[in-house]
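Reproduced below: start.pdb, with PDB, C-alpha atoms.
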ATOM      1  CA  GLY A   1      25.065 -15.781   5.073
ATOM      2  CA  ALA A   2      28.135 -15.340   2.903
ATOM      3  CA  ALA A   3      27.970 -18.906   1.592
ATOM      4  CA  ALA A   4      24.408 -18.421   0.361
ATOM      5  CA  ALA A   5      25.293 -15.174  -1.401
ATOM      6  CA  THR A   6      27.418 -17.032  -3.944
ATOM      7  CA  ALA A   7      25.040 -19.985  -4.277
ATOM      8  CA  ALA A   8      21.664 -20.381  -5.965
ATOM      9  CA  ALA A   9      19.855 -18.077  -3.523
ATOM     10  CA  ALA A  10      20.369 -15.359  -0.942
ATOM     11  CA  LEU A  11      18.157 -13.964   1.796
ATOM     12  CA  VAL A  12      17.921 -10.197   1.274
ATOM     13  CA  ASP A  13      16.539  -7.322   3.322
ATOM     14  CA  ILE A  14      13.220  -5.873   2.146
ATOM     15  CA  PRO A  15      12.153  -2.480   3.545
ATOM     16  CA  ALA A  16       8.437  -3.448   3.609
ATOM     17  CA  GLY A  17       8.408  -4.284   7.327
ATOM     18  CA  PRO A  18      10.344  -5.745  10.222
ATOM     19  CA  PHE A  19       9.197  -9.324   9.553
ATOM     20  CA  VAL A  20       9.143  -9.243   5.744
ATOM     21  CA  TYR A  21      12.030 -10.952   3.966
ATOM     22  CA  GLY A  22      13.163 -11.285   0.402
ATOM     23  CA  LEU A  23      14.707 -14.247  -1.305
ATOM     24  CA  ASP A  24      16.824 -13.616  -4.404
ATOM     25  CA  LEU A  25      16.795 -16.806  -6.483
ATOM     26  CA  ARG A  26      19.312 -17.191  -9.287
ATOM     27  CA  GLU A  27      17.477 -20.239 -10.659
ATOM     28  CA  THR A  28      14.122 -21.987 -10.300
ATOM     29  CA  THR A  29      14.351 -24.126  -7.175
ATOM     30  CA  THR A  30      12.374 -25.578  -4.276
ATOM     31  CA  VAL A  31      12.390 -23.218  -1.313
ATOM     32  CA  THR A  32      11.706 -24.161   2.306
ATOM     33  CA  VAL A  33      11.384 -21.525   5.046
ATOM     34  CA  ARG A  34      11.060 -22.609   8.671
ATOM     35  CA  LEU A  35      11.056 -20.809  12.015
ATOM     36  CA  TYR A  36      12.721 -22.438  15.040
ATOM     37  CA  ASP A  37      12.720 -21.403  18.688
ATOM     38  CA  ALA A  38      15.897 -20.994  20.771
ATOM     39  CA  SER A  39      15.893 -24.704  21.701
ATOM     40  CA  GLY A  40      15.827 -25.727  18.026
ATOM     41  CA  ARG A  41      12.172 -26.803  17.999
ATOM     42  CA  LEU A  42      10.272 -26.152  14.761
ATOM     43  CA  VAL A  43       7.711 -23.445  15.507
ATOM     44  CA  ARG A  44       6.363 -22.640  12.045
ATOM     45  CA  HIS A  45       6.653 -23.946   8.535
ATOM     46  CA  LEU A  46       6.325 -20.728   6.511
ATOM     47  CA  LEU A  47       6.926 -21.864   2.934
ATOM     48  CA  GLU A  48       7.679 -24.950   0.879
ATOM     49  CA  ARG A  49       7.273 -24.755  -2.872
ATOM     50  CA  GLU A  50       9.119 -24.342  -6.121
ATOM     51  CA  LEU A  51       9.761 -20.711  -7.002
ATOM     52  CA  PRO A  52      11.073 -19.271 -10.272
ATOM     53  CA  LEU A  53      14.196 -17.179 -10.774
ATOM     54  CA  GLY A  54      13.927 -13.680  -9.275
ATOM     55  CA  VAL A  55      13.194 -11.904  -5.992
ATOM     56  CA  HIS A  56      10.319 -13.193  -3.885
ATOM     57  CA  THR A  57       9.004 -11.900  -0.556
ATOM     58  CA  PHE A  58       7.521 -13.718   2.396
ATOM     59  CA  ALA A  59       6.370 -12.614   5.831
ATOM     60  CA  CYS A  60       6.646 -14.049   9.304
ATOM     61  CA  ASP A  61       3.762 -12.835  11.481
ATOM     62  CA  PRO A  62       5.060 -12.849  15.068
ATOM     63  CA  SER A  63       1.752 -11.863  16.724
ATOM     64  CA  ALA A  64       0.946 -15.379  18.003
ATOM     65  CA  LEU A  65       4.489 -16.135  19.172
ATOM     66  CA  PRO A  66       5.767 -15.615  22.713
ATOM     67  CA  SER A  67       8.641 -13.217  23.291
ATOM     68  CA  GLY A  68      12.041 -14.745  22.712
ATOM     69  CA  ALA A  69      14.806 -15.545  20.264
ATOM     70  CA  TYR A  70      14.051 -17.450  17.059
ATOM     71  CA  MET A  71      15.972 -18.641  14.010
ATOM     72  CA  LEU A  72      14.523 -18.222  10.518
ATOM     73  CA  ARG A  73      16.064 -20.866   8.239
ATOM     74  CA  VAL A  74      15.845 -20.757   4.450
ATOM     75  CA  ASP A  75      16.828 -23.681   2.226
ATOM     76  CA  ALA A  76      16.788 -23.108  -1.534
ATOM     77  CA  GLY A  77      18.364 -25.865  -3.573
ATOM     78  CA  ASN A  78      21.911 -26.215  -2.247
ATOM     79  CA  ALA A  79      21.866 -22.743  -0.628
ATOM     80  CA  HIS A  80      21.136 -22.288   3.075
ATOM     81  CA  ASP A  81      20.738 -19.100   5.066
ATOM     82  CA  ALA A  82      19.503 -18.170   8.529
ATOM     83  CA  ARG A  83      18.550 -15.045  10.433
ATOM     84  CA  LYS A  84      18.153 -14.578  14.152
ATOM     85  CA  LEU A  85      14.876 -12.902  15.146
ATOM     86  CA  VAL A  86      14.087 -11.432  18.541
ATOM     87  CA  ILE A  87      10.389 -11.051  19.265
ATOM     88  CA  VAL A  88       9.177  -8.820  22.095
ATOM     89  CA  GLN A  89       5.447  -8.894  22.790
TER      90      GLN A  89
END
Take the structure from the file and write it as structure tokens.
Amino acid sequence: GAAAATAAAALVDIPAGPFVYGLDLRETTTVTVRLYDASGRLVRHLLERELPLGVHTFACDPSALPSGAYMLRVDAGNAHDARKLVIVQ
């Protein structure tokens, strides 16, 4: 999101694959990445740890998830970002 782009972190596109994401951190901070279904229920806790300054990648393997709409939420310090994912099995 635009707010995250000016904050401590930003979710960036990585060309490595359709479910691979990058996180550009402008400072060392604790990062939490969670996946929610369309009803807002937590489906997967993908990451929670302190990461140093720089670009980091993480993947969301959709193979065990049913088809549908999901929200990938990233919290890094005071920065928050989200991406809508549509999974078709």
- Query: Which residues fall under the PyMOL selection byres ((chain A and resi 40) around 12) in this file, as a list in words?
  - Reply: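 Output of the PyMOL selection byres ((chain A and resi 40) around 12): Arg34, Leu35, Tyr36, Asp37, Ala38, Ser39, Arg41, Leu42, Val43, Arg44, Ala69, Tyr70, Met71, Leu72 and Arg73 of chain A.
Between atom CA of Leu53 of chain A and atom CA of Phe19 of chain A there is a distance of 22.4 Å.
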- Item | Interatomic distance, atom CA of Ser67 of chain A to atom CA of Arg49 of chain A (Å, one decimal) |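 Atom-to-atom, atom CA of Ser67 of chain A and atom CA of Arg49 of chain A are spaced 28.6 Å apart.
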Please enclose the listed atoms of segment 45-54 of chain A in an axis-aligned box, pad each side by 3 Å, and write out the centre and the three edge lengths in Å, rounded to one decimal, as AutoDock Vina command-line options.
--center_x 10.3 --center_y -19.3 --center_z -1.1 --size_x 13.9 --size_y 17.3 --size_z 25.3
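The closest residue to Cys60 of chain A, picked from A:Pro18, A:Arg26, A:Asp81, A:Val31 and counting only C-alpha atoms, is A:Pro18.
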- In Å, how far is it from atom CA of Ala64 of chain A to atom CA of Ala82 of chain A?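 These atoms are spaced 21.0 Å apart.
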- Contacts of Leu65 of chain A at 9 Å or less, counting all atoms listed in the file, minus same-chain residues fewer than 3 places along, as a PyMOL selection string? chain A and resi 43+61-62+68+87+89
- Item | Spatial sel., origin (10.7, -12.7, -2.2), limit 8 Å, all atoms listed in the file, listed as a PyMOL selection string | chain A and resi 21-24+54-58
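The nearest approach to Pro66 of chain A among the residues A:Thr29, A:Leu51, A:Val88, A:Val20, with all atoms listed in the file taken into account, belongs to A:Val88.
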